[in-house]
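In what follows, a structure is listed as structure tokens, so that the remarks can point back to it.
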Amino acid sequence: MLISIIFLWVALAIVVGAMAARRGRKRFGWTILACLISPVIAGLFLMSIADRSPHARQPVLATHVDCPLCGKRILREARVCRHCGGDVTQAADAGARTTPSTGYWYDYPDPSSTLERTGDRVALARAVPPWIVVDQSLDSIIIGSRWPGQLWRVRVEELGDMSGLVAQPGYWRAASIELLEAMPLATLFGPHGDAVLEIVEQIGGLSRAQAQALAGGLPADAPAAYGRAWARWSRAGEEAVDAAEDEWRGTLAAARRGDKARSPIHGGFLLIHEQLRKRAEDVDGEDAFILVEEDGETEQLLAPLWQGACDAFLYAAMARAAPQCVEKDDAAPLTQAWSRVYAAAGQRG
């Protein structure tokens, strides 16, 4: 009997080591750790820390583009491709001479800005960096911590310096633009973007008790459902999935071959995560985070309570804002925790 238990213990530890390797961690170290403390505890801890696998670190198209010479991913600002060694600036310089049409500008109030606004015209006080960035598609707009702002459809009146960029960077540097149309913020997140706005608003008023309810209400199959939705999005019409569904768990943004999309809801997952971190710090201060050291690096992660709440919002956003990526049987586990908290709140209201 004892031998069977030991055998099972070691076998589970080996499984944890394999999972660690798939997440970019050291297989041997995690196997030993699982043997020493418990495969179950080690496995749970492994799933709570950042995924360092190549897929998780895959650059998003907001910062990377395809080399016009070899087609591999390089930084937007690169002058020489690190893969083929080719000069990628010549094609960009040629592209810079073309006349841009209309694009999208995300306007965020900035007291330090040097923008001059006259009627429907917005211009730099001097035609020098930092430039007005006009994205050619909604997919590539970077929001970051700049929330809330205003989305505009604009026309570039005067180009800034486009030299040194790779061909087709996906945006224009502008010195002046004409505002054509104010667009709803929900447009940033796709056809069901209102669901993302609702979740972001809920995060702004999130209490610790609600966070506990969200984290405690997550069903065991929700992470896998979230991974399947990402895998389905990544196929984009292809028959095969490039990576295992497990490798998509916890993903906030990724590059997809063939377009500039970063996620099924564009920058929505990144915004939800950013807003949740802010709210967690407002409510719990430093206690909202834990520091994890590994391989000489220190990472600041959300504490389990707040990470669970964040996951609940991310899963709900996937199901409600990207239903085209969610299988029928996965919708319920993705929204279960969120629905119980906010449906109950709605009934009380």
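Following the order of the structure tokens, first chain is A, next is B, and so on, with residues numbered from 1 inside each chain and ligands from 1 in the order they appear.
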Excluding same-chain residues fewer than 5 positions from Leu302 (chain A), what lies within 10 Å of it counting only C-alpha atoms, as a ChimeraX atom specification?
-> /A:48-49,276-277,280-281,286-291,307-310
Best match for closeness to Trp152 (chain A) among A:Leu124, A:Val133, A:Leu334, A:Ala195, counting only C-alpha atoms = A:Val133
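Our summary of the geometry notes that CA of Gly160 (chain A) is positioned 20.1 Å from CA of Asp110 (chain A).
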Distance query Asp329 (chain A) at most 12 Å, only C-alpha atoms, self and fewer than 3 positions along chain excluded, as JSON, numbers by chain | {"A": [221, 222, 224, 225, 226, 228, 229, 319, 323, 325, 326, 332, 333, 334, 335]}
Taking into account only C-alpha atoms, which residue in the set A:Leu197, A:Leu2, A:Leu46, A:Leu151 is nearest to Ala321 (chain A)?
-> A:Leu197
For Arg262 (chain A): contacts at 9 Å, only C-alpha atoms, fewer than 2 positions along chain excluded, given as number ranges by chain = A: 60-62, 139-140, 252-256, 259-260, 264-267
Rank nothing, just name the residue among A:Tyr171, A:Trp147, A:Tyr342, A:Trp230 nearest to Lys278 (chain A), using only C-alpha atoms.
->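 Once distances to Lys278 (chain A) are computed over only C-alpha atoms, the minimum belongs to A:Trp147.
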Taking only C-alpha atoms into account, which of A:Ala317, A:Val15, A:Leu179, A:Ile272 comes nearest Ser145 (chain A)?
-> A:Ile272
Residue with the minimum atom-to-atom distance to Pro129 (chain A), picked from A:Ile143, A:Ala175, A:Ala220, A:Glu247 with only C-alpha atoms counted, is A:Ala175
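If you measure from each of A:Gly268, A:Pro184, A:Gly24, A:Gly164 to Val200 (chain A) using only C-alpha atoms, the closest one turns out to be A:Gly268.
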Using only C-alpha atoms, determine which residues lie at most 9 Å from Pro191 (chain A), disregarding the query and same-chain residues fewer than 3 positions distant; provide the list as a VMD selection string.
-> chain A and resid 186 to 188 194 265 321 to 322
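CA of Leu12 (chain A) to CA of Phe28 (chain A) spans 13.2 Å [interatomic distance, one decimal].
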Find the residues near Arg146 (chain A): any atom within 9 Å, counting only C-alpha atoms, skip ones fewer than 5 places away on the same chain, and give them as a list in words.
-> Asp107, Tyr108 and Pro109 of chain A
Can you check which residues of region 131-282 of chain A DSSP gives as strand (DSSP E or B) on the backbone and send them as a PDB file with C-alpha atoms, in the first residue's frame?
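out34.pdb written:
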```pdb
ATOM      1  CA  ILE A 132      -0.120  62.045 -32.810  1.00  0.00           C
ATOM      2  CA  VAL A 133      -0.547  58.321 -33.444  1.00  0.00           C
ATOM      3  CA  VAL A 134      -3.365  57.474 -35.851  1.00  0.00           C
ATOM      4  CA  ASP A 135      -4.092  53.753 -36.068  1.00  0.00           C
ATOM      5  CA  GLN A 150     -12.550  59.386 -26.472  1.00  0.00           C
ATOM      6  CA  LEU A 151     -12.332  57.473 -29.737  1.00  0.00           C
ATOM      7  CA  TRP A 152     -12.343  59.440 -32.989  1.00  0.00           C
ATOM      8  CA  ARG A 153     -12.347  58.640 -36.661  1.00  0.00           C
ATOM      9  CA  VAL A 154      -9.913  61.148 -38.116  1.00  0.00           C
ATOM     10  CA  ARG A 155      -8.184  62.233 -41.279  1.00  0.00           C
ATOM     11  CA  VAL A 156      -4.457  62.881 -41.260  1.00  0.00           C
ATOM     12  CA  GLU A 157      -3.796  66.415 -42.482  1.00  0.00           C
ATOM     13  CA  GLU A 158      -0.038  66.515 -42.013  1.00  0.00           C
ATOM     14  CA  LEU A 159       2.199  63.497 -41.633  1.00  0.00           C
ATOM     15  CA  TYR A 171      -0.311  53.434 -37.936  1.00  0.00           C
ATOM     16  CA  TRP A 172       0.669  56.929 -39.008  1.00  0.00           C
ATOM     17  CA  ARG A 173       2.666  59.531 -37.163  1.00  0.00           C
ATOM     18  CA  ALA A 174       0.769  62.761 -37.621  1.00  0.00           C
ATOM     19  CA  ALA A 175       1.502  66.415 -36.919  1.00  0.00           C
ATOM     20  CA  SER A 176      -2.121  67.457 -37.437  1.00  0.00           C
ATOM     21  CA  ILE A 177      -5.443  65.683 -37.874  1.00  0.00           C
ATOM     22  CA  GLU A 178      -9.059  66.514 -38.655  1.00  0.00           C
ATOM     23  CA  LEU A 179     -11.739  65.070 -36.371  1.00  0.00           C
ATOM     24  CA  LEU A 180     -14.395  63.439 -38.534  1.00  0.00           C
ATOM     25  CA  GLU A 181     -16.588  61.512 -36.116  1.00  0.00           C
ATOM     26  CA  ALA A 182     -16.769  60.740 -32.406  1.00  0.00           C
ATOM     27  CA  MET A 183     -17.172  56.995 -31.969  1.00  0.00           C
TER      28      MET A 183
END
```
